[in-house]
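**Q** Structure incoming, see below.
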Number of protein chains: 2
Amino acid sequence: MADPLFTPEIRLMLEERDAAGLRAFCEDLHPATMAEVLDGFSAGQIWDILDHAETTNQAAIFEYLPQAMQLELLSFDRPQAAALVGKMSHDDRAGLLRRVPDDVRERLLKGLDDAERKDIVALEEYGEDTVGAIMTTDFAGLAQGLTAEEAIEQLRQQAPERETIYYNYVLDEPVQKPGGRTVRKLLGIVSLRDLILAKKDARIRDLMRDEVVAVRAGDPVQKAAQVLAKYDFVAMPVLDSDGNMLGIITHDDVIDVIQEEATEDLQRQAGVGRIEGNYLEASFLQVWLGRVKWLAILFMLQMITVNVMAWEEEKIRAFAALVACLPLVMSVGGNAGSQAATLVVRALSLEQIRPGEWRRVLGREVLMGLALAGTLGVLALFRTYFLTPSSLVPDGSILFKLTLVLGAAVVAICLWGTLLGAMLPLAIHRCGGDPALVSSPAIATLSDVTGIIIYANIAMLVFRG
Amino acid sequence: MADPLFTPEIRLMLEERDAAGLRAFCEDLHPATMAEVLDGFSAGQIWDILDHAETTNQAAIFEYLPQAMQLELLSFDRPQAAALVGKMSHDDRAGLLRRVPDDVRERLLKGLDDAERKDIVALEEYGEDTVGAIMTTDFAGLAQGLTAEEAIEQLRQQAPERETIYYNYVLDEPVQKPGGRTVRKLLGIVSLRDLILAKKDARIRDLMRDEVVAVRAGDPVQKAAQVLAKYDFVAMPVLDSDGNMLGIITHDDVIDVIQEEATEDLQRQAGVGRIEGNYLEASFLQVWLGRVKWLAILFMLQMITVNVMAWEEEKIRAFAALVACLPLVMSVGGNAGSQAATLVVRALSLEQIRPGEWRRVLGREVLMGLALAGTLGVLALFRTYFLTPSSLVPDGSILFKLTLVLGAAVVAICLWGTLLGAMLPLAIHRCGGDPALVSSPAIATLSDVTGIIIYANIAMLVFRG
């Protein structure tokens with residue numbers, strides 16, 4: 001989006017201390033574009049650039065900067081730092097303050113007013129992957145007795161501080177709770193569109209929608225993301241367990257959650273533990289831990305193949321050709337199995353398969369496994385009969401038997417891998433576990449162990465017979 | 001969300017022909033909830049239920065039904081079918097009409113008015129994965145000369161037919177194009193919030209934001225999704241190549257695109273070709289094609305291992321223990337490689353790695369590969385020395401050599417697999433190809449071929465030496 005010429009232009013302005021030019025940049029560009037342009041400047045330079053903008057503009061640009069840069073900027077003891085943090089949307093701010101060092105945190109909190117400080121402390125009580133942690137508390141609340149005209153006037157006054165004034169929450173009278181906290185029950189929702197379309201003297205209580213879809217502050221963010229995506233909402237209210245209004249979550253946070261979840265699913269499918277943040281920015285130690293954990297587990301599981309080979313090797317070792325074909329035959333189970341596992345895990349996570357439907361999945365995958373195995377079996381017969389290197393097969397009768405073994409083993413292992421890949425996630429899901437534990441490498445490892453047994457025993461049957 | 005008791009209640013009402021009860025259900029529940037409740041009823045029953053609601057309600061519920069059910073409902077020759085399609089949001093409608101049989105399509109188009117019919121034909125010109133295909137043309141346009149008060153009054157009148165009146169598009173005077181089409185240039189954007197906050201007699205041209213972030217109708221939807229997610233927009237204008245306003249895309253369509261893309265990425269990572277729709281709903285033939293294509297390609301690639309084994313087998317065949325450890329050693333490269341490939345492919349698709357940064361990735365993965373290989377190497381030494389079945393190692397000097405071979409081979413293959421997994425996607429990306437072609441099974445296959453060579457030659461060196 002950003003013009004590649006902006007960066008050298010700003011560098012020149014910084015050198016020439018061109019205050020008017022820098023201010024114009026900060027004011028004319030969309031804050032997200034400006035944040036992109038600032039990528040590549042140091043924290044000190046960014047402060048020098050931001051200094052020329054108004055606080056509101058500074059805050060808007062600050063919000064779009066990468067979190068690593070925000071943290072670096074806050075480590076500078078600038079008087080306006082607290083103001084920038086004060087103007088951030090409440091959810092992003094909570095995420096940021098979780099990561100600043102204690103001394104910086106103290107300094108920033110001191111610079112904020114009392115209400116903001118309380119709000120920050122309240123949001124910090126929720127766990128990092130809960131709705132409470134990504135909700136924002138700057139929603140617009142209305143009393144049910146107002147008229148449409150009064151409500152619009154109130155929103156006009158509230159607008160500068162609210163994340164959205166398009167979806168407004170009708171709240172009951174405040175109730176004092178033990179401990180001094182006041183709470184207000186959510187009664188309904190009224191959109192600005194409803195208010196604009198209504199007669200001026202219509203009452204909110206008659207305009208509001210009282211069948212409200214809401215989430216709880218303690219719910220996992222993934223659940224909220226699913227609900228919001230399903231209903232196509234822009235924002236959704238967050239309640240405590242008594243139905244009191246706590247905040248709202250908005251579509252932009254949900255898009256972020258969906259992106260992160262997709263990344264996590266992909267990494268888990270490849271047998272990578274949870275890694276936070278960008279590929280190049282994540283800490284080496286954390287990435288190493290996320291990767292070595294699964295590599296070591298898979299390696300130890302795969303060690304079983306040495307024992308299996310110790311039992312079974314006699315059955316194939318007599319013929320060099322049988323040993324030579326082992327890697328080919330084994331690979332079929334892993335490939336077919338990781339396809340099936342991925343499809344089933346994703347369908348479970350999108351709730352496309354319901355708990356009672358495992359028989360339908362089994363039926364489908366048996367047919368699919370047969371269809372896939374048939375195709376690969378034909379390829380195996382062809383390849384073995386016509387293309388086996390002559391050094392491996394001294395005579396025609398051995399070639400014939402080898403072809404038979406390969407065809408039968410590829411069919412059996414492909415079918416077995418497919419069923420393993422499809423059924424294992426369902427079984428884990430049924431036992432209350434997380435089906436995404438069934439990664440592609442895990443399926444490959446399991447089907448390797450069984451694949452050797454299947455192959456060696458088919459070979460023994462054919463070559464003895 | 002939906003109460004599980006709703007379904008039996010509706011069944012009872014259908015049997016008892018309780019028109020008032022069915023109408024109340026259709027009117028009181030959120031259309032998305034009602035659509036969920038209807039899951040499990042036949043198309044005929046759903047028509048019987050919808051018959052009791054008003055057309056607006058019918059249309060809202062209809063929009064939330066799964067596309068397969070929508071298609072089934074439209075196959076009934078009901079007079080109100082065209083009206084329901086007429087009230088759908090324009091983007092969903094275009095997607096649906098692409099899939100109905102020609103005779104149903106003709107019947108529906110006949111029931112629509114002229115403007116709607118033109119709009120449908122216009123949207124169909126765009127390819128299925130372009131912005132044009134998911135945009136909606138029912139946006140709110142304003143002339144720049146209006147005052148804030150006049151604009152609000154105009155929006156009030158337009159509201160019932162518009163997807164959103166919160167983001168409004170300021171358009172230039174219409175210009176007649178050759179061929180009879182009129183077009184209007186996009187001049188700026190003004191939000192309803194801006195209009196409400198402004199003085200009543202302020203002019204739109206002074207209120208509007210003229211630095212507009214827009215996408216082109218021919219852009220891929222993925223690009224639009226990225227831009228919208230980056231700027232946290234609720235809606236974004238779609239322009240033709242001359243800057244004329246064509247439509248808008250909205251956050252809910254983008255969430256769908258992001259979900260679909262994540263599913264596609266996961267499937268590709270597991271070596272599954274594109275599959276449209278739900279796991280259990282997709283056609284057997286399509287799923288078979290998507291899976292067998294890659295299985296066959298991988299199987300044929302893996303056939304190279306037979307030739308490699310034919311050359312290299314002599315080097316390990318003398319000792320049963322070396323053959324028995326082959327599957328273990330080979331698996332390491334595939335597992336380490338699919339981790340690296342997945343991380344790099346995802347980072348490329350989220351644009352976390354820029355084109356010039358391949359050296360940084362290489363540096364990081366060399367270090368990471370060494371750190372991972374070191375850990376697995378130690379495990380290999382330990383396992384081989386202490387746990388190799390005694391049937392495989394007749395004497396101590398062989399055990400010592402075997403331990404050495406395993407340790408060295410595991411380190412070398414782990415490092416090699418990691419580099420292969422990290423560099424191959426970058427190389428494909430650099431050549432203009434799609435890095436997601438590098439699936440986990442593909443990396444496993446490639447590293448199997450090279451793994452055999454590495455293992456056999458380390459074995460020869462150690463046992464000859």
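Each chain in the structure tokens gets a letter, A, B and so on, in the order shown; residues start at 1 in every chain, and ligands are counted from 1 in the order they appear.
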Report as number ranges by chain the set of chain B residues whose atoms approach chain A to within 6 Å, with distances computed over only C-alpha atoms.
**A** B: 156, 197, 232, 252, 262, 266, 270, 292, 302, 306, 309, 324-325, 328, 335, 338-339, 372, 441
**Q** Take the residues just selected and output them with C-alpha atoms as an mmCIF file, in the first residue's frame.
**A**
data_model
loop_
_atom_site.group_PDB
_atom_site.id
_atom_site.type_symbol
_atom_site.label_atom_id
_atom_site.label_comp_id
_atom_site.auth_asym_id
_atom_site.auth_seq_id
_atom_site.Cartn_x
_atom_site.Cartn_y
_atom_site.Cartn_z
ATOM 1 C CA ARG B 156 -32.393 7.069 6.377
ATOM 2 C CA LEU B 197 -20.605 14.470 14.934
ATOM 3 C CA ASP B 232 -9.224 -3.353 10.840
ATOM 4 C CA ASP B 252 -17.954 -11.107 7.195
ATOM 5 C CA ALA B 262 -6.618 -21.781 6.349
ATOM 6 C CA LEU B 266 -3.744 -27.267 5.976
ATOM 7 C CA ALA B 270 -0.749 -32.698 4.067
ATOM 8 C CA VAL B 292 -4.904 -39.656 -5.306
ATOM 9 C CA GLN B 302 9.504 -42.355 -3.649
ATOM 10 C CA VAL B 306 14.315 -48.424 -4.791
ATOM 11 C CA MET B 309 18.698 -48.808 -2.299
ATOM 12 C CA ALA B 324 17.037 -52.750 11.100
ATOM 13 C CA CYS B 325 17.921 -49.114 11.930
ATOM 14 C CA LEU B 328 14.480 -44.999 12.245
ATOM 15 C CA ASN B 335 10.022 -35.019 10.582
ATOM 16 C CA SER B 338 8.243 -30.911 7.597
ATOM 17 C CA GLN B 339 8.566 -28.733 10.701
ATOM 18 C CA LEU B 372 17.853 -30.123 16.962
ATOM 19 C CA PRO B 441 4.888 -35.730 2.657
#
**Q** With only C-alpha atoms as the counted atoms, please give the residues lying no more than 6 Å from region 89-92 of chain B, apart from itself and same-chain residues fewer than 4 positions off, as an MDAnalysis selection string.
**A** chainID B and resid 134:136
**Q** Pull the strand (DSSP E) assignments for region 217-314 of chain A out of DSSP run on the backbone, and list those residues as a JSON list (two decimals) with C-alpha atoms, in the first residue's frame.
**A**
[["chain", "number", "residue", "atom", "x", "y", "z"],
["A", 235, "ALA", "CA", -19.27, -6.64, 17.64],
["A", 236, "MET", "CA", -20.71, -8.84, 20.38],
["A", 237, "PRO", "CA", -21.38, -8.13, 24.08],
["A", 238, "VAL", "CA", -19.36, -9.86, 26.81],
["A", 239, "LEU", "CA", -21.20, -10.69, 30.05],
["A", 245, "MET", "CA", -22.33, -6.16, 30.86],
["A", 246, "LEU", "CA", -18.50, -6.20, 30.97],
["A", 247, "GLY", "CA", -17.40, -5.17, 27.50],
["A", 248, "ILE", "CA", -17.54, -5.99, 23.79],
["A", 249, "ILE", "CA", -15.39, -7.94, 21.40],
["A", 250, "THR", "CA", -15.04, -6.68, 17.85]]
**Q** I'd like the contact shell of Val85 (chain B) - 10 Å cut-off, only C-alpha atoms, skipping same-chain residues fewer than 6 positions apart - returned as a PyMOL selection string.
**A** chain B and resi 59+62-63+70+74+92-94+96-97+108-109+111-112+116
**Q** Give me, as a VMD selection string, all polymer residues having an atom no more than 9 Å from Leu73 (chain A), counting only C-alpha atoms and skipping those fewer than 5 positions away in the same chain.
**A** chain A and resid 43 to 44 46 to 47 68 78 81
**Q** Tell me which protein, DNA and RNA residues are within 6 Å of region 397-408 of chain B, counting only C-alpha atoms, leaving out same-chain ones fewer than 2 positions away, and put them as a list in words.
**A**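 Counting only the stated atoms, we get Gly377, Ala380, Leu381, Thr384, Tyr385, Val393, Asp395, Val410, Val411 and Ala459 of chain B.
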